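Chemist: Quick one: this structure, given as structure tokens, is what I'll be asking you about.
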Amino acid sequence: MGIRLGILDQTPIYEGETPVDAFRHTIELVQRAEQLGFHRFWVSEHHDSGHVAGSSPEVLISHLLAHTERIRLGSGGVMLQHYSPYKVAENFNVLAALGPGRIDLGIGRAPGGLPRSTQALQQGIQEAASLKEKIRQVKQFIHNEPYADESHPLAGLSAAPASEIPAELYVLGASVDSAGMAAELGLPYVFSLFINSNIEVAQEALRVYREGFDRSNGREPYAVLAISLIVAESEEEAEELASEHMLVKIHLENGKVLTVGSVEQAEEFGRQSNEKYRIEVLEPSVTRGTKEKVGQALQKFQNDFAVNELIVTTATRDFAKRIRSFELLREALEEQGLAEFGIESQPAQAAIG
């Protein structure tokens with residue numbers, strides 16, 4: 001059984017390079033991904049960071065549209081808690097008009113930055129709706145669905161330009177709660193295993209998602225697993241590349257747990273939050289090895305989770321090693337008989353409803 005494969009790129013700024021170099025790498029990577037036949041390519045949203053350059057996924061997506069021809073492009077994800085659902089819908093309606101049938105809108109729950117950037121992004125917001133309600137509004141605006149209550153203050157409002165093939169919405173998360181929200185909204189769901197590596201939580205989240213999915217609109221669940229992965233020419237090289245990184249979590253006094261990029265960033269987050277905090281440094285959950293070993297691991301992911309798609313993020317300090325990892329990944333899936341490459345073979349919307 002084949003499985004679709006996508007890429008999540010966080011536009012890292014390598015040591016000694018600039019954000020300009022980072023965006024140049026993203027362009028090169030998406031073009032190579034398209035050549036290799038990957039199904040989709042998503043870019044992330046981070047704020048107030050010297051390590052990653054992508055603070056505005058919708059702007060970056062528009063540029064990537066101009067440098068590719070077929071591959072689906074999207075956000076992994078837009079941090080909707082900071083923004084007006086109406087404006088986000090307008091942005092992605094423009095993208096959908098520029099790249100018909102190629103645009104995804106992944107919506108994330110995390111702040112995407114430190115408390116200071118969250119404060120700046122939400123400046124002037126007084127009564128923020130819940131994330132679930134905001135996603136519901138984005139869905140309504142993107143699909144140009146009228147308000148049932150004609151007395152609603154926004155009744156009759158549309159998010160121009162209307163698109164014949166709207167952006168496909170995805171809920172991103174790493175918890176059972178996020179899975180339940182995606183199910184209630186009847187939307188595709190991405191569980192980020194590279195953020196929460198607890199297999200039991202992932203399996204429970206996907207169970208809750210599938211069992212609780214709202215099929216009233218004729219759609220079926222579409223589950224995606226996002227994983228961290230490195231493929232190398234040898235086991236030794238793969239281990240060396242994986243050892244370059246760590247997983248850093250900050251536990252705040254209010255009970256929130258967030259994943260950040262470094263111990264220094266965790267300390268700064270704690271300082272800006274003005275709360276007591278605890279930092280936890282873990283070995284990252286990275287599937288790594290030769291293409292033979294990784295191919296077997298991906299077969300196990302498919303057997304254990306039965307997802308429709310995998311989205312892969314690969315972090316190395318050498319850009320050439322990242323490119324090579326994705327090349328070897330394609331070979332691994334082909335050799336395992338898992339590959340479902342061929343960008344134009346089955347558009348995402350046809351697959352999910």
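Identifiers in the structure tokens: chain A, B, ... in order shown; residue index from 1 per chain; ligand index from 1 in order shown.
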Contacts of segment 77-87 of chain A at 8 Å or less, counting only C-alpha atoms, minus same-chain residues fewer than 4 places along, as a list in words?

Modeler: Trp42, Val43, Ser44, Glu45, Pro57, Asn91, Leu105, Gly106, Ile107, Gly108, Arg109, Ala110, Pro111, Gly112, Thr118, Leu121, Gln122, Ala128, Ser130, Leu131, Lys134, Ile135, Gln137, Val138, Phe141, Ala159 and Leu172 of chain A

Chemist: Write out as a list in words each polymer residue whose atoms come within 6 Å of segment 262-279 of chain A, counting only C-alpha atoms; drop sequence neighbours fewer than 3 positions from it.

Modeler: Leu114, Pro115, Val248, Lys249, Ile250, His251, Leu252 and Glu253 of chain A

Chemist: How would you write, as a ChimeraX atom specification, the set of residues in segment 133-295 of chain A that DSSP gives as strand (DSSP E)?

Modeler: /A:168-173,189-192,223-231,247-252,257-260,277-282,286-289

Chemist: Considering only C-alpha atoms, can you say which of A:Ala297, A:Ala179, A:Ala167, A:Val30 comes closest to Ile227 of chain A?

Modeler: A:Ala297

Chemist: Determine the nearest neighbour of Phe38 of chain A from the options A:Leu8, A:Met181, A:Ala22, A:Leu64, counting only C-alpha atoms.

Modeler: A:Leu8

Chemist: Name all residues at most 12 Å from Ser197 of chain A (count only C-alpha atoms; drop same-chain ones fewer than 2 positions away) and give them as a short mmCIF file (atom, residue, chain, number, x, y, z; two decimals) with all heavy atoms, in the first residue's frame.

Modeler:
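Just written: part-v3.cif:
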data_model
loop_
_atom_site.label_atom_id
_atom_site.label_comp_id
_atom_site.auth_asym_id
_atom_site.auth_seq_id
_atom_site.Cartn_x
_atom_site.Cartn_y
_atom_site.Cartn_z
N ALA A 174 -0.58 18.24 18.58
CA ALA A 174 0.22 17.17 19.17
C ALA A 174 -0.44 16.67 20.44
O ALA A 174 0.22 16.32 21.40
CB ALA A 174 1.64 17.67 19.46
N SER A 175 -1.78 16.65 20.42
CA SER A 175 -2.51 16.25 21.62
C SER A 175 -3.85 15.64 21.23
O SER A 175 -4.32 15.80 20.10
CB SER A 175 -2.76 17.46 22.52
OG SER A 175 -3.66 18.37 21.89
N PHE A 191 -0.90 15.07 13.19
CA PHE A 191 -0.31 14.91 14.53
C PHE A 191 1.20 15.06 14.40
O PHE A 191 1.85 14.33 13.65
CB PHE A 191 -0.65 13.55 15.14
CG PHE A 191 -0.16 13.42 16.57
CD1 PHE A 191 -1.01 13.74 17.62
CD2 PHE A 191 1.14 13.02 16.86
CE1 PHE A 191 -0.57 13.66 18.94
CE2 PHE A 191 1.59 12.93 18.18
CZ PHE A 191 0.73 13.25 19.22
N SER A 192 1.77 15.99 15.17
CA SER A 192 3.20 16.28 15.10
C SER A 192 3.98 15.39 16.07
O SER A 192 4.22 15.75 17.22
CB SER A 192 3.45 17.76 15.41
OG SER A 192 2.80 18.58 14.45
N LEU A 193 4.37 14.23 15.58
CA LEU A 193 5.11 13.29 16.41
C LEU A 193 6.51 13.80 16.71
O LEU A 193 7.11 13.42 17.71
CB LEU A 193 5.19 11.93 15.70
CG LEU A 193 5.61 10.73 16.56
CD1 LEU A 193 4.57 10.43 17.63
CD2 LEU A 193 5.85 9.49 15.69
N PHE A 194 7.03 14.69 15.89
CA PHE A 194 8.37 15.23 16.15
C PHE A 194 8.36 16.23 17.31
O PHE A 194 9.39 16.59 17.84
CB PHE A 194 8.98 15.85 14.89
CG PHE A 194 8.36 17.14 14.45
CD1 PHE A 194 8.89 18.36 14.84
CD2 PHE A 194 7.24 17.14 13.61
CE1 PHE A 194 8.32 19.55 14.42
CE2 PHE A 194 6.68 18.33 13.18
CZ PHE A 194 7.22 19.53 13.59
N ILE A 195 7.16 16.70 17.69
CA ILE A 195 7.03 17.57 18.85
C ILE A 195 6.62 16.78 20.08
O ILE A 195 7.19 16.94 21.17
CB ILE A 195 5.99 18.68 18.57
CG1 ILE A 195 6.53 19.63 17.49
CG2 ILE A 195 5.65 19.46 19.84
CD1 ILE A 195 5.55 20.70 17.07
N ILE A 199 4.10 7.79 21.75
CA ILE A 199 3.37 6.96 20.79
C ILE A 199 1.94 6.71 21.24
O ILE A 199 1.00 6.73 20.44
CB ILE A 199 4.10 5.61 20.58
CG1 ILE A 199 5.49 5.85 19.97
CG2 ILE A 199 3.29 4.70 19.67
CD1 ILE A 199 5.47 6.45 18.60
N GLU A 200 1.75 6.49 22.55
CA GLU A 200 0.41 6.22 23.05
C GLU A 200 -0.51 7.42 22.86
O GLU A 200 -1.69 7.26 22.50
CB GLU A 200 0.48 5.82 24.53
CG GLU A 200 1.16 4.47 24.77
CD GLU A 200 1.18 4.09 26.23
OE1 GLU A 200 0.73 4.92 27.07
OE2 GLU A 200 1.65 2.99 26.55
N VAL A 201 0.00 8.63 23.10
CA VAL A 201 -0.79 9.84 22.89
C VAL A 201 -1.13 9.99 21.42
O VAL A 201 -2.27 10.31 21.06
CB VAL A 201 -0.04 11.09 23.40
CG1 VAL A 201 -0.79 12.36 22.99
CG2 VAL A 201 0.11 11.04 24.91
N ALA A 202 -0.17 9.72 20.55
CA ALA A 202 -0.41 9.83 19.11
C ALA A 202 -1.49 8.85 18.66
O ALA A 202 -2.41 9.22 17.90
CB ALA A 202 0.89 9.58 18.35
N GLN A 203 -1.41 7.63 19.12
CA GLN A 203 -2.40 6.63 18.72
C GLN A 203 -3.78 6.97 19.26
O GLN A 203 -4.80 6.82 18.57
CB GLN A 203 -1.95 5.24 19.17
CG GLN A 203 -0.74 4.74 18.40
CD GLN A 203 -0.24 3.40 18.90
OE1 GLN A 203 -0.35 3.08 20.08
NE2 GLN A 203 0.34 2.61 18.01
N LEU A 225 0.76 12.07 9.75
CA LEU A 225 1.74 12.00 10.83
C LEU A 225 2.96 12.80 10.41
O LEU A 225 3.52 12.56 9.33
CB LEU A 225 2.12 10.55 11.10
CG LEU A 225 2.82 10.23 12.43
CD1 LEU A 225 1.87 10.49 13.60
CD2 LEU A 225 3.29 8.78 12.44
N ALA A 226 3.35 13.78 11.23
CA ALA A 226 4.54 14.58 10.95
C ALA A 226 5.69 14.07 11.80
O ALA A 226 5.59 14.01 13.03
CB ALA A 226 4.27 16.05 11.26
N ILE A 227 6.78 13.69 11.14
CA ILE A 227 7.89 13.06 11.84
C ILE A 227 9.20 13.75 11.49
O ILE A 227 9.34 14.38 10.44
CB ILE A 227 8.00 11.56 11.51
CG1 ILE A 227 8.29 11.36 10.01
CG2 ILE A 227 6.75 10.82 11.93
CD1 ILE A 227 8.57 9.92 9.63
N SER A 228 10.18 13.62 12.39
CA SER A 228 11.54 14.07 12.13
C SER A 228 12.34 12.87 11.63
O SER A 228 12.27 11.79 12.20
CB SER A 228 12.16 14.62 13.42
OG SER A 228 13.49 15.03 13.19
N LEU A 247 16.00 18.22 21.88
CA LEU A 247 14.61 18.64 22.04
C LEU A 247 14.51 19.36 23.38
O LEU A 247 14.78 18.77 24.43
CB LEU A 247 13.68 17.43 22.00
CG LEU A 247 12.18 17.71 22.08
CD1 LEU A 247 11.71 18.46 20.84
CD2 LEU A 247 11.41 16.40 22.22
N THR A 259 7.58 23.58 23.26
CA THR A 259 8.83 23.13 22.68
C THR A 259 9.52 24.31 22.01
O THR A 259 8.89 25.04 21.23
CB THR A 259 8.59 22.03 21.63
OG1 THR A 259 7.92 20.93 22.26
CG2 THR A 259 9.89 21.53 21.04
N LEU A 282 15.76 16.85 26.14
CA LEU A 282 15.57 15.45 25.77
C LEU A 282 16.28 15.13 24.47
O LEU A 282 16.56 16.03 23.65
CB LEU A 282 14.08 15.14 25.60
CG LEU A 282 13.16 15.45 26.78
CD1 LEU A 282 11.71 15.36 26.34
CD2 LEU A 282 13.43 14.47 27.92
N GLU A 283 16.56 13.87 24.26
CA GLU A 283 17.04 13.44 22.96
C GLU A 283 15.86 13.52 21.99
O GLU A 283 14.78 13.02 22.26
CB GLU A 283 17.56 12.00 23.01
CG GLU A 283 18.09 11.51 21.68
CD GLU A 283 18.57 10.07 21.73
OE1 GLU A 283 18.76 9.56 22.86
OE2 GLU A 283 18.75 9.47 20.65
N PRO A 284 16.04 14.18 20.85
CA PRO A 284 14.91 14.33 19.92
C PRO A 284 14.48 12.99 19.35
O PRO A 284 15.27 12.06 19.21
CB PRO A 284 15.48 15.24 18.83
CG PRO A 284 16.96 15.04 18.89
CD PRO A 284 17.28 14.77 20.33
N SER A 285 13.19 12.91 19.03
CA SER A 285 12.65 11.71 18.41
C SER A 285 12.89 11.80 16.90
O SER A 285 12.10 12.41 16.18
CB SER A 285 11.15 11.58 18.71
OG SER A 285 10.61 10.48 18.02
N VAL A 286 14.02 11.26 16.46
CA VAL A 286 14.41 11.34 15.06
C VAL A 286 14.53 9.92 14.50
O VAL A 286 15.34 9.12 14.98
CB VAL A 286 15.75 12.08 14.87
CG1 VAL A 286 16.11 12.15 13.39
CG2 VAL A 286 15.68 13.47 15.48
N THR A 287 13.74 9.60 13.50
CA THR A 287 13.91 8.33 12.79
C THR A 287 15.12 8.49 11.89
O THR A 287 15.16 9.39 11.05
CB THR A 287 12.66 8.02 11.94
OG1 THR A 287 11.53 7.94 12.81
CG2 THR A 287 12.82 6.72 11.19
#

Chemist: Considering only C-alpha atoms, can you say which of A:Asp318, A:Glu331, A:Glu211, A:Glu239 comes closest to Gly16 of chain A?

Modeler: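 Among A:Asp318, A:Glu331, A:Glu211, A:Glu239, it is A:Asp318 that comes nearest to Gly16 of chain A.
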
Chemist: Could you state the separation of atom CA of Leu5 of chain A and atom CA of Val20 of chain A in Å, given to one decimal place?

Modeler: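 According to the coordinates, atom CA of Leu5 of chain A and atom CA of Val20 of chain A are separated by 27.3 Å.
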
Chemist: Find the residues near Gly99 of chain A: any atom within 9 Å, counting only C-alpha atoms, skip ones fewer than 3 places away on the same chain, and give them as a list in words.

Modeler: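 Answer for this query is Ser62, Leu65, Glu69, Arg70, Arg72, Leu73, Val94, Leu95, Ala96, Arg102 and Ile103 of chain A.
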
Chemist: I need the residues of segment 200-237 of chain A that end up classed as alpha helix (DSSP H) by DSSP on the backbone, written out as a PyMOL selection string.

Modeler: chain A and resi 200-212+235-237
